[in-house]
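So this block is data.csv, CSV, C-alpha atoms:
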```
chain,number,residue,atom,x,y,z
A,1,MET,CA,101.0,110.4,91.7
A,2,ASN,CA,102.8,112.9,89.4
A,3,ARG,CA,100.4,113.1,86.5
A,4,HIS,CA,98.0,115.9,85.7
A,5,PRO,CA,98.7,118.0,88.9
A,6,TYR,CA,96.5,120.9,87.6
A,7,LEU,CA,93.6,118.6,86.9
A,8,ARG,CA,93.9,117.2,90.5
A,9,ALA,CA,94.1,120.7,91.9
A,10,TYR,CA,91.0,121.7,90.0
A,11,LEU,CA,89.1,118.7,91.2
A,12,ALA,CA,90.2,119.3,94.8
A,13,GLY,CA,89.1,122.9,94.5
A,14,ILE,CA,85.6,122.3,93.2
A,15,ALA,CA,84.8,119.4,95.6
A,16,VAL,CA,84.0,121.5,98.7
A,17,PRO,CA,81.6,124.0,97.1
A,18,THR,CA,80.0,121.3,95.1
A,19,VAL,CA,79.1,119.3,98.2
A,20,PHE,CA,78.1,122.4,100.1
A,21,LEU,CA,75.9,123.5,97.1
A,22,LEU,CA,73.8,120.3,97.6
A,23,ILE,CA,72.9,121.5,101.1
A,24,VAL,CA,72.2,125.0,100.1
A,25,MET,CA,70.1,124.0,97.1
A,26,SER,CA,68.0,121.6,99.3
A,27,ALA,CA,67.4,124.4,101.8
A,28,TYR,CA,66.6,126.9,99.1
A,29,THR,CA,64.1,124.4,97.5
A,30,VAL,CA,62.3,123.9,100.8
A,31,ILE,CA,62.2,127.6,101.5
A,32,ARG,CA,61.0,128.6,98.0
A,33,TYR,CA,58.6,125.8,97.2
A,34,VAL,CA,57.4,124.4,100.5
A,35,TYR,CA,57.2,127.7,102.4
A,36,ALA,CA,56.5,129.8,99.2
A,37,VAL,CA,58.9,132.6,100.1
A,38,PRO,CA,58.6,135.2,97.3
A,39,LEU,CA,62.3,135.5,96.4
A,40,ALA,CA,63.1,134.5,92.8
A,41,ILE,CA,66.7,133.3,93.3
A,42,GLU,CA,66.4,131.0,90.3
A,43,LYS,CA,67.1,134.1,88.2
A,44,VAL,CA,70.6,134.4,89.6
A,45,ILE,CA,71.2,130.8,90.7
A,46,VAL,CA,73.7,130.3,87.9
A,47,PHE,CA,76.3,132.2,89.8
A,48,PRO,CA,76.5,129.9,92.9
A,49,MET,CA,75.8,126.8,90.8
A,50,ALA,CA,78.3,127.2,88.1
A,51,GLY,CA,80.4,130.2,88.7
A,52,VAL,CA,81.5,129.6,92.3
A,53,PRO,CA,82.6,126.0,92.1
A,54,ASN,CA,84.6,126.7,88.9
A,55,ALA,CA,86.2,129.7,90.5
A,56,TRP,CA,87.3,127.5,93.4
A,57,GLY,CA,88.7,124.9,91.1
A,58,LEU,CA,90.6,127.5,89.0
A,59,TRP,CA,91.8,129.3,92.1
A,60,ASN,CA,93.3,126.1,93.4
A,61,VAL,CA,94.9,125.5,90.0
A,62,LEU,CA,96.5,129.0,90.4
A,63,TYR,CA,97.6,128.1,93.8
A,64,ALA,CA,99.2,124.9,92.6
A,65,ALA,CA,100.9,126.7,89.7
A,66,PHE,CA,102.1,129.9,91.4
A,67,GLY,CA,101.1,130.3,95.0
A,68,ARG,CA,102.2,127.4,97.0
A,69,ARG,CA,105.8,128.5,97.3
A,70,HIS,CA,105.0,132.0,98.4
A,71,ILE,CA,101.8,132.0,100.4
A,72,SER,CA,99.7,129.7,102.7
A,73,LEU,CA,96.7,128.1,101.2
A,74,GLY,CA,94.4,129.6,103.8
A,75,LEU,CA,95.4,133.2,102.9
A,76,PHE,CA,95.3,132.4,99.2
A,77,GLY,CA,91.8,131.0,99.4
A,78,GLY,CA,90.7,133.7,101.8
A,79,ALA,CA,91.3,136.3,99.1
A,80,LEU,CA,88.9,134.6,96.7
A,81,PRO,CA,85.8,136.5,98.1
A,82,LEU,CA,87.4,139.7,97.0
A,83,LEU,CA,86.7,138.5,93.4
A,84,LEU,CA,83.5,136.6,94.1
A,85,ALA,CA,81.6,139.3,96.0
A,86,PRO,CA,81.7,141.9,93.3
A,87,GLY,CA,81.2,139.2,90.7
A,88,GLY,CA,78.0,138.0,92.5
A,89,TYR,CA,76.8,141.5,92.8
A,90,VAL,CA,77.4,142.2,89.1
A,91,VAL,CA,75.4,139.1,88.2
A,92,THR,CA,72.4,140.2,90.3
A,93,ARG,CA,72.5,143.6,88.6
A,94,LEU,CA,72.9,142.3,85.1
A,95,LEU,CA,69.9,139.9,85.6
A,96,GLY,CA,67.7,142.5,87.2
A,97,PHE,CA,67.5,140.7,90.6
A,98,SER,CA,66.7,143.0,93.4
A,99,VAL,CA,68.7,142.1,96.5
A,100,PRO,CA,66.5,142.5,99.7
A,101,GLU,CA,67.2,145.6,101.7
A,102,HIS,CA,68.1,143.8,104.9
A,103,VAL,CA,70.7,141.7,103.0
A,104,LEU,CA,72.3,144.8,101.5
A,105,SER,CA,72.4,146.6,104.9
A,106,VAL,CA,74.7,143.9,106.4
A,107,ALA,CA,77.0,143.7,103.4
A,108,PRO,CA,79.9,145.6,105.3
A,109,PHE,CA,79.9,142.8,107.9
A,110,ALA,CA,79.4,140.0,105.4
A,111,LEU,CA,82.6,140.6,103.5
A,112,PRO,CA,85.0,140.2,106.5
A,113,VAL,CA,83.0,137.2,107.6
A,114,GLY,CA,83.2,135.7,104.1
A,115,LEU,CA,87.0,136.3,104.2
A,116,ILE,CA,87.3,134.5,107.5
A,117,LEU,CA,85.1,131.6,106.4
A,118,TYR,CA,87.0,131.2,103.2
A,119,TYR,CA,90.3,131.3,105.0
A,120,LEU,CA,89.1,128.5,107.4
A,121,VAL,CA,87.5,126.4,104.7
A,122,TRP,CA,90.5,126.6,102.4
A,123,LYS,CA,93.0,126.0,105.1
A,124,TYR,CA,91.4,122.9,106.5
A,125,PHE,CA,89.0,121.4,103.8
A,126,VAL,CA,90.8,122.2,100.6
A,127,GLY,CA,94.1,121.7,102.3
A,128,PHE,CA,93.1,118.2,103.3
A,129,LEU,CA,92.0,117.4,99.7
A,130,ASN,CA,95.2,118.9,98.3
A,131,ALA,CA,97.2,116.7,100.6
A,132,GLU,CA,95.2,113.6,99.8
A,133,LEU,CA,95.7,114.2,96.1
A,134,GLY,CA,99.4,114.9,96.4
A,135,ILE,CA,99.2,118.6,95.5
A,136,ALA,CA,100.3,120.2,98.8
B,1,MET,CA,78.3,71.9,78.6
B,2,SER,CA,80.4,69.1,77.2
B,3,GLU,CA,84.1,68.6,77.8
B,4,ARG,CA,84.8,69.6,74.2
B,5,GLU,CA,82.9,72.9,74.6
B,6,VAL,CA,84.8,73.6,77.8
B,7,ASP,CA,88.0,73.1,76.0
B,8,GLU,CA,86.9,75.4,73.2
B,9,VAL,CA,85.9,78.1,75.7
B,10,ARG,CA,89.3,77.7,77.4
B,11,LYS,CA,91.1,78.1,74.1
B,12,LEU,CA,89.1,81.1,73.1
B,13,LEU,CA,89.7,82.7,76.5
B,14,LYS,CA,93.5,82.1,76.3
B,15,LYS,CA,93.5,83.5,72.8
B,16,PHE,CA,91.6,86.7,73.4
B,17,VAL,CA,92.3,87.6,77.1
B,18,PRO,CA,96.0,88.7,77.3
B,19,THR,CA,98.2,87.2,79.9
B,20,VAL,CA,98.8,89.6,82.7
B,21,ARG,CA,102.5,90.2,83.2
B,22,ASP,CA,104.4,92.4,85.6
B,23,THR,CA,101.9,91.9,88.5
B,24,GLU,CA,104.3,93.2,91.1
B,25,LEU,CA,103.8,96.7,92.6
B,26,ARG,CA,106.0,99.3,91.2
B,27,ARG,CA,106.9,100.5,94.6
B,28,ASP,CA,106.5,99.4,98.2
B,29,LEU,CA,103.4,101.0,99.7
B,30,TRP,CA,104.1,100.0,103.3
B,31,PRO,CA,106.6,102.9,104.1
B,32,ALA,CA,103.9,105.4,102.9
B,33,MET,CA,101.4,103.7,105.1
B,34,LEU,CA,103.7,103.9,108.1
B,35,LYS,CA,104.4,107.5,107.4
B,36,ARG,CA,100.7,108.3,107.2
B,37,MET,CA,100.0,106.4,110.5
B,38,GLU,CA,102.8,108.4,112.3
B,39,GLN,CA,101.4,111.8,111.2
B,40,PRO,CA,100.0,113.8,114.2
B,41,PRO,CA,96.3,114.6,114.2
B,42,VAL,CA,95.3,117.9,112.7
B,43,HIS,CA,96.1,120.7,115.2
B,44,VAL,CA,93.8,123.7,115.1
B,45,PRO,CA,95.5,126.8,116.6
B,46,TRP,CA,93.6,128.9,119.1
B,47,TRP,CA,93.3,131.9,116.7
B,48,ASP,CA,91.3,129.8,114.2
B,49,TRP,CA,88.9,128.8,117.0
B,50,ALA,CA,88.7,132.5,117.9
B,51,LEU,CA,87.9,133.4,114.2
B,52,LEU,CA,85.2,130.7,114.1
B,53,ALA,CA,83.7,131.9,117.3
B,54,GLY,CA,83.7,135.5,116.0
B,55,VAL,CA,81.9,134.4,112.8
B,56,ALA,CA,79.3,132.5,114.8
B,57,LEU,CA,78.7,135.6,117.0
B,58,LEU,CA,78.3,137.8,113.9
B,59,PHE,CA,75.8,135.3,112.5
B,60,CYS,CA,73.8,135.6,115.6
B,61,LEU,CA,73.9,139.4,115.6
B,62,PHE,CA,73.3,139.9,111.9
B,63,PRO,CA,71.4,136.9,110.5
B,64,GLY,CA,70.7,138.9,107.3
B,65,MET,CA,74.2,138.2,106.1
B,66,ILE,CA,73.6,134.4,106.0
B,67,PRO,CA,71.8,134.4,102.6
B,68,ALA,CA,74.4,136.7,101.1
B,69,LEU,CA,77.2,134.4,102.2
B,70,LEU,CA,75.4,131.2,101.0
B,71,TYR,CA,75.0,132.9,97.6
B,72,HIS,CA,78.8,133.3,97.4
B,73,LEU,CA,79.9,129.9,98.9
```
Show the structure stored in the file as structure tokens.
Amino acid sequence: MNRHPYLRAYLAGIAVPTVFLLIVMSAYTVIRYVYAVPLAIEKVIVFPMAGVPNAWGLWNVLYAAFGRRHISLGLFGGALPLLLAPGGYVVTRLLGFSVPEHVLSVAPFALPVGLILYYLVWKYFVGFLNAELGIA
Amino acid sequence: MSEREVDEVRKLLKKFVPTVRDTELRRDLWPAMLKRMEQPPVHVPWWDWALLAGVALLFCLFPGMIPALLYHL
């Protein structure tokens, strides 16, 4: 399996957030429309729906192209929130979405937790897919 | 369907469906299968379990961070 390594890396990268997004969107739909929680996330939903999975795919392409000889996949993937967190915040500001106060107040804890979660998910899930597709 | 029609269909099929050549595998897949079967199961080091436990603890202490993380994952 030597053909199109970057395409395979992209597909392996977007697979995990795409599957996870299905769960998140189902939960969000229930919360928003069954329990009528007044939080208009649909204004900024484009970021997790389109931006995040593509960022994962492109990040894995970068890893396949440059990173795999120098750094472990877990550490490389764990660095992605350093780009996504400010990106997500910028999207909320540009679209005029007011982040709830209790979410903003825990942001200093959320970033290290996000780094750890990304490290674990990239190390085990994306690493598994990379190995299956012959990238690792 | 008469015998003549069957013959016609057979001729048409032979004419338009190309004969498959080179049906052998390009490489032997069995060594790769053996290699896969001999691989040890995934080993999760203790520090990864510790990180996961720490994250779970922080989720319990600060549940407000869950929506922010879901937004970025």
- [ ] Can you check which residues of chain A have any atom within 7 Å of chain B? Use only C-alpha atoms and format it as an MDAnalysis selection string.
- [x] chainID A and resid 17 48 52 84:85 88 102:103 106:107 110 113:114 116
Open item on the list: Report, in Å with one decimal, the straight-line distance from CA of Gly127 (chain A) to CA of Ala50 (chain B).
Closed with: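 Rounded to one decimal, the two atoms are 19.7 Å apart.
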- [ ] Excluding region 34-44 of chain A and any residue of its chain fewer than 6 positions from it, enumerate the residues within 12 Å of it, using all atoms listed in the file, and give them as a list in words.
- [x]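 Near region 34-44 of chain A, the qualifying residues are Met25, Ser26, Ala27, Tyr28, Ala50, Gly51, Gly87, Gly88, Tyr89, Val90, Val91, Thr92, Arg93, Leu94, Leu95, Gly96, Phe97, Ser98, Val99 and Pro100 of chain A; Pro67, Ala68, Leu70, Tyr71 and His72 of chain B.
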TODO: Quick one: pull the distance between CA of Trp122 (chain A) and CA of Ala53 (chain B), Å, one decimal.
DONE: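 Calculated distance between CA of Trp122 (chain A) and CA of Ala53 (chain B) is 17.2 Å.
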